[in-house]
$ cat model07.cif   # mmCIF, C-alpha atoms and all ligand atoms
data_upload
#
loop_
_atom_site.label_atom_id
_atom_site.label_comp_id
_atom_site.auth_asym_id
_atom_site.auth_seq_id
_atom_site.Cartn_x
_atom_site.Cartn_y
_atom_site.Cartn_z
CA MET A 1 140.44 50.91 78.71
CA LYS A 2 137.25 52.09 80.42
CA ILE A 3 137.37 53.34 84.00
CA GLY A 4 134.43 54.49 86.03
CA ILE A 5 131.72 53.89 88.58
CA ASP A 6 130.90 50.22 88.82
CA LEU A 7 128.33 50.49 91.64
CA LEU A 8 126.84 53.54 93.36
CA CYS A 9 124.86 53.56 96.60
CA PHE A 10 123.51 56.46 98.63
CA HIS A 11 122.55 56.66 102.33
CA THR A 12 120.88 59.35 104.44
CA PRO A 13 119.75 59.40 108.10
CA SER A 14 116.36 57.98 109.10
CA TYR A 15 115.12 61.30 110.53
CA VAL A 16 113.92 64.31 108.58
CA MET A 17 112.38 67.74 109.12
CA ASP A 18 109.99 69.43 106.70
CA LEU A 19 111.29 72.91 105.87
CA ARG A 20 107.78 74.35 106.19
CA ILE A 21 108.13 73.71 109.95
CA LEU A 22 111.43 75.60 109.97
CA ALA A 23 109.93 78.43 107.90
CA GLU A 24 107.09 78.86 110.38
CA LYS A 25 109.51 78.91 113.33
CA ARG A 26 111.77 81.48 111.63
CA GLY A 27 108.86 83.66 110.46
CA VAL A 28 109.77 83.13 106.80
CA ASP A 29 107.42 82.50 103.85
CA PRO A 30 107.77 78.71 103.21
CA ASP A 31 107.92 79.44 99.47
CA LYS A 32 111.33 81.02 100.05
CA PHE A 33 112.66 77.60 101.02
CA THR A 34 110.62 75.37 98.70
CA ILE A 35 110.66 77.63 95.60
CA GLY A 36 113.34 80.28 96.30
CA ILE A 37 116.11 77.79 97.11
CA GLY A 38 114.31 74.62 95.96
CA GLN A 39 114.53 72.59 99.18
CA GLU A 40 111.66 70.52 100.69
CA ARG A 41 113.18 68.70 103.66
CA MET A 42 116.45 68.32 105.52
CA ALA A 43 117.99 65.15 106.92
CA VAL A 44 118.48 65.19 110.70
CA LEU A 45 121.39 63.14 112.04
CA PRO A 46 120.67 61.31 115.34
CA PRO A 47 123.42 61.18 118.03
CA ASP A 48 124.32 57.56 117.25
CA GLN A 49 125.21 58.26 113.60
CA ASP A 50 128.21 60.12 112.19
CA ILE A 51 130.16 60.25 108.93
CA VAL A 52 131.63 56.80 109.56
CA THR A 53 128.26 55.08 110.02
CA LEU A 54 126.68 57.06 107.14
CA ALA A 55 129.48 55.97 104.80
CA ALA A 56 129.60 52.36 106.02
CA ASN A 57 125.81 52.16 105.65
CA ALA A 58 126.14 53.41 102.06
CA ALA A 59 128.98 51.02 101.31
CA LEU A 60 127.61 47.77 102.74
CA PRO A 61 125.21 47.02 99.82
CA VAL A 62 128.09 47.76 97.41
CA VAL A 63 130.60 45.37 98.97
CA GLU A 64 127.91 42.73 99.54
CA LYS A 65 127.01 42.87 95.83
CA ALA A 66 130.51 43.16 94.35
CA GLY A 67 132.54 41.21 96.88
CA ARG A 68 135.58 42.48 98.78
CA ASP A 69 138.37 40.91 96.75
CA GLY A 70 140.65 43.23 94.82
CA ILE A 71 139.69 46.44 96.68
CA GLU A 72 143.17 47.91 97.17
CA LEU A 73 142.20 51.50 97.90
CA LEU A 74 139.60 53.05 100.21
CA ILE A 75 139.36 56.84 100.04
CA PHE A 76 137.05 58.68 102.43
CA ALA A 77 136.15 62.24 101.38
CA THR A 78 134.70 64.49 104.07
CA GLU A 79 134.79 67.95 105.57
CA SER A 80 133.07 66.70 108.75
CA GLY A 81 136.07 64.75 110.03
CA ILE A 82 135.83 63.09 113.45
CA ASP A 83 139.58 62.91 114.07
CA GLN A 84 142.49 65.17 113.16
CA SER A 85 144.81 62.25 112.73
CA LYS A 86 143.15 58.92 111.99
CA ALA A 87 141.41 58.48 108.62
CA ALA A 88 137.68 57.76 108.86
CA ALA A 89 138.41 55.20 106.12
CA LEU A 90 140.02 52.90 108.70
CA PHE A 91 136.88 52.66 110.81
CA CYS A 92 134.92 51.79 107.64
CA HIS A 93 137.59 49.33 106.55
CA LYS A 94 136.92 47.33 109.72
CA LEU A 95 133.12 47.67 109.68
CA LEU A 96 133.04 46.51 106.05
CA ASN A 97 135.50 43.67 106.66
CA LEU A 98 137.77 44.72 103.76
CA PRO A 99 141.09 43.01 102.99
CA ALA A 100 144.22 44.14 104.89
CA THR A 101 145.90 44.76 101.51
CA CYS A 102 144.02 48.03 101.10
CA ARG A 103 145.35 51.60 101.35
CA CYS A 104 142.99 53.67 103.55
CA ILE A 105 143.10 57.46 103.49
CA GLU A 106 140.91 60.52 104.08
CA VAL A 107 140.84 63.53 101.73
CA LYS A 108 139.43 67.04 102.11
CA GLU A 109 138.58 69.98 99.92
CA ALA A 110 135.10 70.98 101.05
CA CYS A 111 132.40 69.59 98.74
CA TYR A 112 134.96 68.86 96.01
CA GLY A 113 136.48 66.05 98.14
CA GLY A 114 134.25 63.34 96.62
CA THR A 115 135.39 64.24 93.11
CA ALA A 116 139.04 64.48 94.15
CA ALA A 117 138.69 60.98 95.62
CA LEU A 118 137.01 59.64 92.49
CA ARG A 119 139.78 61.07 90.28
CA LEU A 120 142.52 59.61 92.52
CA ALA A 121 140.76 56.26 92.56
CA ALA A 122 140.46 56.26 88.75
CA THR A 123 144.19 56.96 88.45
CA MET A 124 145.10 54.10 90.76
CA VAL A 125 142.78 51.70 88.97
CA ALA A 126 144.28 52.76 85.61
CA ALA A 127 147.74 51.87 86.94
CA ARG A 128 146.56 48.54 88.37
CA PRO A 129 143.62 47.51 86.16
CA HIS A 130 142.94 44.24 87.98
CA THR A 131 142.19 46.09 91.24
CA LYS A 132 139.26 48.17 92.46
CA ALA A 133 138.89 51.24 94.62
CA LEU A 134 136.10 52.15 97.00
CA VAL A 135 135.31 55.86 97.27
CA LEU A 136 133.22 57.01 100.24
CA ALA A 137 131.96 60.57 100.56
CA ALA A 138 130.01 61.52 103.68
CA ASP A 139 129.16 64.80 105.35
CA VAL A 140 126.94 66.56 107.83
CA ALA A 141 126.07 70.13 106.79
CA ARG A 142 125.65 72.35 109.87
CA TYR A 143 125.18 76.12 110.02
CA ASP A 144 124.26 78.31 112.98
CA LEU A 145 120.61 78.12 114.07
CA ALA A 146 118.52 80.84 112.41
CA SER A 147 121.30 81.72 109.94
CA PRO A 148 120.63 81.97 106.16
CA GLY A 149 122.42 78.64 105.64
CA GLU A 150 120.17 76.76 108.12
CA PRO A 151 117.52 75.63 105.58
CA THR A 152 120.27 74.15 103.37
CA GLN A 153 121.55 71.80 106.12
CA GLY A 154 121.56 68.06 105.50
CA ALA A 155 123.47 64.82 105.90
CA GLY A 156 124.27 61.83 103.74
CA ALA A 157 126.86 59.60 102.11
CA VAL A 158 127.62 57.86 98.85
CA ALA A 159 129.73 54.80 98.16
CA MET A 160 131.23 54.30 94.70
CA LEU A 161 133.13 51.28 93.53
CA VAL A 162 135.64 52.25 90.84
CA SER A 163 136.85 49.66 88.35
CA THR A 164 137.92 49.02 84.77
CA LYS A 165 134.61 47.26 84.12
CA PRO A 166 132.19 49.99 85.19
CA ARG A 167 128.57 48.88 85.10
CA ILE A 168 127.13 52.35 85.80
CA LEU A 169 129.19 55.22 84.37
CA ALA A 170 132.42 55.22 82.33
CA LEU A 171 134.32 58.45 83.01
CA ASP A 172 135.47 60.47 80.00
CA PRO A 173 139.18 61.34 80.18
CA GLU A 174 138.69 65.05 79.41
CA THR A 175 137.94 67.35 82.35
CA GLY A 176 138.19 71.05 83.16
CA PHE A 177 139.22 72.25 86.62
CA HIS A 178 139.96 75.49 88.38
CA ALA A 179 141.53 76.44 91.75
CA GLU A 180 141.39 79.76 93.57
CA ASP A 181 142.15 80.78 97.18
CA VAL A 182 138.93 82.42 98.42
CA MET A 183 137.06 82.59 101.76
CA ASP A 184 133.48 81.93 100.67
CA PHE A 185 132.75 79.10 103.14
CA TRP A 186 135.00 77.57 105.76
CA ARG A 187 134.97 75.88 109.16
CA PRO A 188 137.88 76.54 111.54
CA ASN A 189 138.90 73.51 113.63
CA TYR A 190 137.36 75.02 116.77
CA ARG A 191 133.85 75.32 115.27
CA GLU A 192 131.08 72.74 114.78
CA GLU A 193 129.19 75.00 112.36
CA ALA A 194 130.43 76.34 109.03
CA LEU A 195 130.95 80.04 108.40
CA VAL A 196 129.81 81.30 105.04
CA ASP A 197 129.40 84.38 102.92
CA GLY A 198 126.37 82.93 101.17
CA LYS A 199 125.93 85.32 98.27
CA TYR A 200 129.68 85.41 97.55
CA SER A 201 129.87 81.60 97.67
CA THR A 202 127.07 81.37 95.10
CA ARG A 203 128.88 83.85 92.86
CA MET A 204 132.13 81.84 93.16
CA TYR A 205 130.27 78.63 92.34
CA LEU A 206 128.84 80.15 89.16
CA THR A 207 132.03 81.94 88.10
CA THR A 208 134.28 78.90 88.52
CA LEU A 209 131.68 76.73 86.76
CA ILE A 210 132.39 78.75 83.62
CA GLN A 211 136.18 78.53 84.08
CA ALA A 212 135.96 74.74 84.41
CA TRP A 213 133.44 74.44 81.57
CA LYS A 214 135.64 76.41 79.16
CA GLN A 215 138.58 74.12 79.88
CA TYR A 216 136.40 71.03 79.53
CA THR A 217 134.94 72.13 76.20
CA ALA A 218 138.41 73.07 74.88
CA ALA A 219 139.75 69.63 75.88
CA SER A 220 136.78 67.57 74.67
CA GLY A 221 135.34 69.59 71.80
CA ARG A 222 131.89 68.99 73.36
CA GLY A 223 129.17 71.55 73.89
CA LEU A 224 125.87 71.71 75.76
CA ALA A 225 124.00 69.59 73.22
CA ASP A 226 126.43 66.68 73.73
CA HIS A 227 125.10 65.93 77.23
CA ALA A 228 121.74 64.25 77.77
CA HIS A 229 121.50 65.47 81.38
CA TYR A 230 123.48 67.38 83.98
CA CYS A 231 124.31 66.69 87.62
CA PHE A 232 125.57 69.73 89.51
CA HIS A 233 126.90 70.14 93.01
CA LEU A 234 123.69 70.96 94.91
CA PRO A 235 124.05 73.06 98.06
CA PHE A 236 120.38 73.81 97.28
CA THR A 237 118.62 72.56 94.17
CA LYS A 238 117.66 75.92 92.67
CA ILE A 239 121.35 76.43 91.89
CA ALA A 240 121.14 73.82 89.09
CA TYR A 241 118.89 76.17 87.12
CA LYS A 242 121.19 79.13 87.73
CA ALA A 243 124.18 77.02 86.69
CA TYR A 244 122.58 75.79 83.48
CA SER A 245 121.52 79.32 82.61
CA ARG A 246 125.19 80.44 82.97
CA LEU A 247 126.33 77.63 80.69
CA CYS A 248 123.80 78.73 78.04
CA LYS A 249 125.12 82.28 78.30
CA ALA A 250 128.73 81.07 78.01
CA GLU A 251 127.82 79.14 74.85
CA GLY A 252 125.81 82.04 73.46
CA THR A 253 122.66 79.89 73.16
CA ALA A 254 119.15 80.69 74.35
CA GLU A 255 117.82 78.79 77.36
CA PRO A 256 115.47 75.97 76.31
CA PRO A 257 111.74 76.25 77.02
CA LYS A 258 110.60 75.35 80.57
CA GLU A 259 109.47 71.78 79.77
CA GLU A 260 112.78 70.97 78.12
CA LEU A 261 114.74 72.53 80.97
CA LEU A 262 112.80 70.47 83.51
CA HIS A 263 113.50 67.31 81.53
CA LEU A 264 117.20 68.15 81.35
CA LEU A 265 117.73 68.98 85.02
CA ASP A 266 114.91 68.13 87.38
CA MET A 267 115.17 64.35 87.77
CA ALA A 268 118.69 64.80 89.14
CA LEU A 269 117.43 67.07 91.93
CA GLY A 270 114.90 64.73 93.58
CA TYR A 271 117.04 63.22 96.33
CA ASN A 272 118.97 66.39 97.27
CA ARG A 273 115.69 68.29 97.58
CA GLN A 274 114.71 65.75 100.27
CA THR A 275 118.02 65.56 102.18
CA GLY A 276 119.61 69.00 102.04
CA ASN A 277 123.29 69.61 101.36
CA THR A 278 125.42 66.48 101.70
CA TYR A 279 128.61 68.38 100.74
CA ALA A 280 131.15 65.87 99.32
CA ALA A 281 128.38 63.39 98.44
CA CYS A 282 126.13 65.91 96.67
CA VAL A 283 126.96 65.43 92.97
CA TYR A 284 126.85 61.65 93.28
CA GLU A 285 123.58 61.74 95.21
CA SER A 286 122.29 63.75 92.27
CA LEU A 287 123.63 61.19 89.79
CA SER A 288 121.96 58.47 91.81
CA ALA A 289 118.62 60.30 91.67
CA LEU A 290 118.90 60.74 87.90
CA LEU A 291 119.78 57.10 87.21
CA ASP A 292 117.16 55.74 89.64
CA ASN A 293 114.27 57.89 88.55
CA MET A 294 114.61 58.92 84.91
CA PRO A 295 111.73 57.09 83.19
CA GLU A 296 113.58 56.90 79.85
CA ALA A 297 116.55 54.56 79.60
CA LEU A 298 119.89 56.37 79.78
CA ASP A 299 122.03 53.61 78.23
CA ASP A 300 124.93 55.14 76.23
CA LYS A 301 123.90 58.69 77.18
CA ARG A 302 126.55 61.21 78.21
CA ILE A 303 126.02 63.04 81.53
CA GLY A 304 127.75 66.32 82.39
CA LEU A 305 128.84 66.67 86.03
CA PHE A 306 129.98 69.73 87.95
CA SER A 307 131.69 69.54 91.32
CA TYR A 308 132.35 72.62 93.45
CA GLY A 309 134.10 72.84 96.80
CA SER A 310 134.33 76.14 98.60
CA GLY A 311 137.72 77.55 99.17
CA CYS A 312 137.66 76.83 96.17
CA MET A 313 138.00 73.99 93.62
CA ALA A 314 135.74 73.47 90.65
CA GLU A 315 135.70 70.65 88.10
CA PHE A 316 133.49 69.94 85.10
CA PHE A 317 133.67 66.41 83.74
CA SER A 318 131.47 63.84 82.07
CA GLY A 319 130.71 60.17 81.79
CA VAL A 320 128.74 57.76 79.65
CA VAL A 321 126.00 55.65 81.22
CA GLN A 322 126.73 51.99 80.61
CA ARG A 323 124.42 49.61 78.77
CA GLY A 324 122.29 47.59 81.18
CA TYR A 325 123.04 49.98 84.10
CA ARG A 326 119.53 49.64 85.51
CA ALA A 327 120.18 46.07 86.67
CA HIS A 328 122.99 47.34 88.93
CA LEU A 329 121.25 50.23 90.71
CA PHE A 330 120.02 50.32 94.31
CA THR A 331 116.82 52.14 93.35
CA ASP A 332 114.42 50.26 95.68
CA LEU A 333 116.77 50.65 98.63
CA HIS A 334 117.09 54.41 98.01
CA ARG A 335 113.36 54.97 97.58
CA THR A 336 112.40 52.91 100.64
CA MET A 337 115.01 54.72 102.76
CA LEU A 338 113.67 58.14 101.76
CA ASP A 339 109.99 57.12 102.04
CA THR A 340 110.26 55.59 105.53
CA ARG A 341 112.12 58.37 107.35
CA THR A 342 110.72 59.52 110.70
CA PRO A 343 109.60 63.16 110.71
CA VAL A 344 110.87 65.26 113.62
CA THR A 345 109.33 68.33 115.24
CA TYR A 346 111.17 71.62 115.54
CA ARG A 347 111.86 70.89 119.25
CA GLN A 348 113.37 67.48 118.43
CA TYR A 349 115.50 69.03 115.67
CA GLU A 350 116.87 71.69 118.02
CA ASP A 351 117.51 69.14 120.80
CA ILE A 352 119.48 66.95 118.40
CA PHE A 353 121.30 69.99 116.96
CA THR A 354 122.47 71.18 120.37
CA TYR A 355 123.34 67.72 121.71
CA GLY A 356 127.12 67.86 121.83
CA ILE A 357 129.34 64.83 121.32
CA PRO A 358 130.90 64.19 124.78
CA LYS A 359 134.47 65.49 125.01
CA ASP A 360 135.37 64.51 128.59
CA GLY A 361 136.87 61.07 127.92
CA ALA A 362 134.34 59.36 130.24
CA ASP A 363 132.32 56.29 129.27
CA HIS A 364 129.28 57.31 127.17
CA VAL A 365 126.72 54.96 125.70
CA PHE A 366 124.31 56.22 123.02
CA ALA A 367 120.66 55.20 122.95
CA PRO A 368 119.78 53.39 119.71
CA TYR A 369 117.94 55.45 117.10
CA ARG A 370 116.63 54.26 113.76
CA GLY A 371 119.45 53.98 111.23
CA GLY A 372 121.22 51.54 108.96
CA ALA A 373 123.39 48.48 109.49
CA PHE A 374 125.95 50.35 111.65
CA ARG A 375 125.77 52.78 114.56
CA LEU A 376 127.99 54.67 116.93
CA ALA A 377 127.44 52.74 120.16
CA GLY A 378 129.45 54.99 122.44
CA ILE A 379 132.64 56.84 123.25
CA LYS A 380 135.09 55.75 125.95
CA ALA A 381 138.53 57.19 126.71
CA HIS A 382 138.10 59.45 123.65
CA LYS A 383 137.69 56.40 121.39
CA ARG A 384 134.59 55.92 119.23
CA ARG A 385 133.02 52.49 119.42
CA TYR A 386 130.96 51.35 116.43
CA GLU A 387 128.69 48.33 116.17
CA ALA A 388 126.53 46.46 113.69
CA THR A 389 122.83 46.79 114.46
CA ALA A 390 121.77 43.32 113.35
P1 LIG B 1 119.25 84.12 101.77
O1 LIG B 1 119.81 85.43 102.05
O2 LIG B 1 118.52 83.48 102.87
O3 LIG B 1 118.20 84.09 100.63
O4 LIG B 1 120.44 83.19 101.27
P2 LIG B 1 117.82 85.16 99.50
O5 LIG B 1 117.20 86.37 100.10
O6 LIG B 1 118.96 85.34 98.54
O7 LIG B 1 116.70 84.30 98.79
C1 LIG B 1 117.00 83.11 98.18
C2 LIG B 1 116.12 82.99 96.94
O8 LIG B 1 114.75 82.82 97.36
C3 LIG B 1 116.14 84.22 96.02
O9 LIG B 1 116.06 83.74 94.71
C4 LIG B 1 114.86 84.94 96.40
O10 LIG B 1 114.35 85.78 95.36
C5 LIG B 1 113.94 83.77 96.67
P3 LIG B 1 117.19 84.17 93.62
O11 LIG B 1 117.13 85.64 93.53
O12 LIG B 1 118.52 83.70 94.20
O13 LIG B 1 116.81 83.41 92.40
N1 LIG B 1 112.78 84.09 97.53
C6 LIG B 1 111.55 83.61 97.32
N2 LIG B 1 111.04 82.82 96.34
C7 LIG B 1 109.71 82.51 96.43
N3 LIG B 1 108.88 82.98 97.42
C8 LIG B 1 109.37 83.78 98.38
C9 LIG B 1 110.74 84.14 98.36
N4 LIG B 1 111.53 84.90 99.17
C10 LIG B 1 112.79 84.87 98.64
N5 LIG B 1 108.53 84.23 99.34
C11 LIG B 1 121.74 81.41 100.51
C12 LIG B 1 120.42 82.11 100.39
C13 LIG B 1 121.82 80.25 99.52
C14 LIG B 1 122.87 82.38 100.23
C15 LIG B 1 121.85 80.84 101.96
O14 LIG B 1 120.95 79.79 102.13
C16 LIG B 1 123.24 80.34 102.34
O15 LIG B 1 124.08 81.09 102.82
N6 LIG B 1 123.50 79.02 102.17
C17 LIG B 1 124.78 78.40 102.50
C18 LIG B 1 125.85 78.66 101.45
C19 LIG B 1 125.54 78.04 100.12
O16 LIG B 1 124.74 77.13 100.00
N7 LIG B 1 126.26 78.48 99.08
C20 LIG B 1 126.11 77.93 97.74
C21 LIG B 1 127.37 78.02 96.88
S1 LIG B 1 128.83 77.51 97.77
C22 LIG B 1 128.78 75.78 97.72
O17 LIG B 1 128.02 75.21 97.01
C23 LIG B 1 129.72 75.05 98.63
C24 LIG B 1 129.06 74.43 99.84
O18 LIG B 1 128.31 73.30 99.47
C25 LIG B 1 130.12 74.08 100.90
C26 LIG B 1 131.31 73.25 100.50
O19 LIG B 1 131.88 73.36 99.40
O20 LIG B 1 131.76 72.53 101.37
C27 LIG B 1 128.11 75.36 100.54
#

$ encode --input "model07.cif" --output "structure tokens"
Amino acid sequence: MKIGIDLLCFHTPSYVMDLRILAEKRGVDPDKFTIGIGQERMAVLPPDQDIVTLAANAALPVVEKAGRDGIELLIFATESGIDQSKAAALFCHKLLNLPATCRCIEVKEACYGGTAALRLAATMVAARPHTKALVLAADVARYDLASPGEPTQGAGAVAMLVSTKPRILALDPETGFHAEDVMDFWRPNYREEALVDGKYSTRMYLTTLIQAWKQYTAASGRGLADHAHYCFHLPFTKIAYKAYSRLCKAEGTAEPPKEELLHLLDMALGYNRQTGNTYAACVYESLSALLDNMPEALDDKRIGLFSYGSGCMAEFFSGVVQRGYRAHLFTDLHRTMLDTRTPVTYRQYEDIFTYGIPKDGADHVFAPYRGGAFRLAGIKAHKRRYEATA
């Protein structure tokens, strides 16, 4: 029985800042951002959007296309939670008008959360093959202003429908995973911005990649040449090249020439380069970019995927692109969304960054910004109030 991603949709805020503007403000050579870490722009989240609206905006095209019947599980993966108690999945459940016979939960393990949710969803669907699961992964990456992490900030969400008749990607059963208790990146409950030991976190990413890869290759008997392309977790896109280089070293093979390397990796980096880190959504945003934009057809091709969440959890797994997948993508929607974003100035970015969500329990109404089908209309008595925009 096949199990995998039946539909995949990605959403990012309608506002964006060019990193050359940030470089100028911080007195940094713009090449450090665009070449050194491989980032062009970062998504800027307006006050009337949050993880719930990002995820619901990603999911609406999916449920409209596939229908709502049979969705018995809704898992929301995030490390930007809006409530310590209530699952963000329940807000989305209502906005998306899903059936009451649906388990709604939230999961967390930094950027690995999306993959944890996908794996859980696949297990449930395997046990009840006539049902479907909806996996939502949404995050807002925030670091202190003027910190090394600042140019890697971003925001976005993916929605993945998981079923036994996947039209996009059938997951291979073999995976390799690795857990280790480390403090490379974390965000205590009392902070809005993450704390990170940047260089250490990059080392942990690359070290655990090899641990997970070794397990995956032992379980599957596959090597580098068995994957047509790779989608890595992308805190910044340059890391994909570092990661692939490590895999070559682990296999004892020489790195391919530049053209071949670009062909293997670059198409999967296009969206993340334009949004910044989307944490739990990252790998699947990358998969979306690859499927949407690879000029050659990927039918029946195997893709290698690596998911990393600080703290840390790492998993290497793979999937086979399904025949006829192109007819089921949201390519035009994704491209239009990215091409029509409103650029913000540095001042606007800093104003939005420092605008705090009201915590006083009074009645607050948020001015409408550009966004998707759903927005956060206000907060009253500590309760968030969402609305459809149309
Ligand atoms: P930094 O100290 O600002 O940068 O930190 P740097 O000095 O290391 O420079 C970065 C690269 O730019 C270097 O290239 C420089 O040589 C190059 P490398 O040696 O690495 O190949 N460079 C230039 N290139 C061209 N022209 C120039 C120039 N100047 C320098 N003029 C760092 C970079 C990524 C550490 C920082 O941005 C950071 O702390 N980011 C946040 C943490 C992070 O992204 N960690 C990644 C792994 S952990 C992870 O992925 C999990 C995460 O997503 C969270 C989660 O799981 O929830 C973060």

$ residues_near_ligand --input "model07.cif" --ligand "ligand LIG 1 (chain B)" --cutoff "8 Å" --atoms "only C-alpha atoms and all ligand atoms" --output "ChimeraX atom specification"
/A:28-37,79,109-112,143,147-152,184-186,196-205,233-236,238-239,242,277-280,308-312

$ atom_distance --input "model07.cif" --atom1 "atom CA of A:Lys86" --atom2 "atom CA of A:His130"
28.1 Å

$ residues_near_point --input "model07.cif" --point "(114.0, 62.5, 91.2)" --cutoff "8 Å" --atoms "all atoms listed in the file" --output "list in words"
Asp266, Met267, Ala268, Leu269, Gly270, Tyr271, Ala289, Leu290, Asp292, Asn293 and Met294 of chain A

$ closest_residue --input "model07.cif" --among "A:Glu192, A:Glu40, A:Glu285, A:Asp363" --to "A:Leu136" --atoms "only C-alpha atoms"
A:Glu285

$ residues_around --input "model07.cif" --residues "A:Leu73" --least-positions-apart "6" --cutoff "7 Å" --atoms "all atoms listed in the file" --output "ChimeraX atom specification"
/A:102-104,133-134

$ axis_aligned_box --input "model07.cif" --around "stretch 100-106 of chain A" --padding-each-side "3 Å" --output "AutoDock Vina command-line options"
--center_x 143.4 --center_y 52.3 --center_z 103.0 --size_x 11.0 --size_y 22.4 --size_z 9.8

$ residues_around --input "model07.cif" --residues "stretch 114-125 of chain A" --least-positions-apart "3" --cutoff "9 Å" --atoms "all atoms listed in the file" --output "ChimeraX atom specification"
/A:3-5,73-78,106-111,128-138,158,160,162-164,171,279-284,307-308,315

$ build_atoms --input "model07.cif" --residues "stretch 245-261 of chain A" --atoms "N, CA and C atoms" --output "compact mmCIF listing (two decimals), in the frame of the given file"
# COMPACT_ATOMS: atom_id res chain seq x y z
N SER A 245 121.73 78.04 83.27
CA SER A 245 121.52 79.32 82.61
C SER A 245 122.87 79.98 82.28
N ARG A 246 123.84 79.89 83.22
CA ARG A 246 125.19 80.44 82.97
C ARG A 246 125.88 79.72 81.82
N LEU A 247 125.69 78.39 81.77
CA LEU A 247 126.33 77.63 80.69
C LEU A 247 125.76 78.05 79.33
N CYS A 248 124.43 78.29 79.29
CA CYS A 248 123.80 78.73 78.04
C CYS A 248 124.40 80.07 77.62
N LYS A 249 124.54 80.96 78.60
CA LYS A 249 125.12 82.28 78.30
C LYS A 249 126.55 82.13 77.77
N ALA A 250 127.32 81.26 78.42
CA ALA A 250 128.73 81.07 78.01
C ALA A 250 128.81 80.52 76.59
N GLU A 251 127.81 79.71 76.21
CA GLU A 251 127.82 79.14 74.85
C GLU A 251 127.16 80.05 73.83
N GLY A 252 126.51 81.12 74.35
CA GLY A 252 125.81 82.04 73.46
C GLY A 252 124.54 81.43 72.88
N THR A 253 123.92 80.48 73.63
CA THR A 253 122.66 79.89 73.16
C THR A 253 121.52 80.31 74.09
N ALA A 254 120.32 80.32 73.54
CA ALA A 254 119.15 80.69 74.35
C ALA A 254 118.81 79.52 75.26
N GLU A 255 118.26 79.85 76.45
CA GLU A 255 117.82 78.79 77.36
C GLU A 255 116.66 78.04 76.74
N PRO A 256 116.60 76.71 76.89
CA PRO A 256 115.47 75.97 76.31
C PRO A 256 114.16 76.32 77.00
N PRO A 257 113.02 76.01 76.36
CA PRO A 257 111.74 76.25 77.02
C PRO A 257 111.61 75.45 78.32
N LYS A 258 110.68 75.89 79.20
CA LYS A 258 110.60 75.35 80.57
C LYS A 258 110.51 73.81 80.62
N GLU A 259 109.65 73.25 79.77
CA GLU A 259 109.47 71.78 79.77
C GLU A 259 110.79 71.05 79.50
N GLU A 260 111.51 71.59 78.51
CA GLU A 260 112.78 70.97 78.12
C GLU A 260 113.83 71.11 79.23
N LEU A 261 113.81 72.26 79.88
CA LEU A 261 114.74 72.53 80.97
C LEU A 261 114.47 71.58 82.14
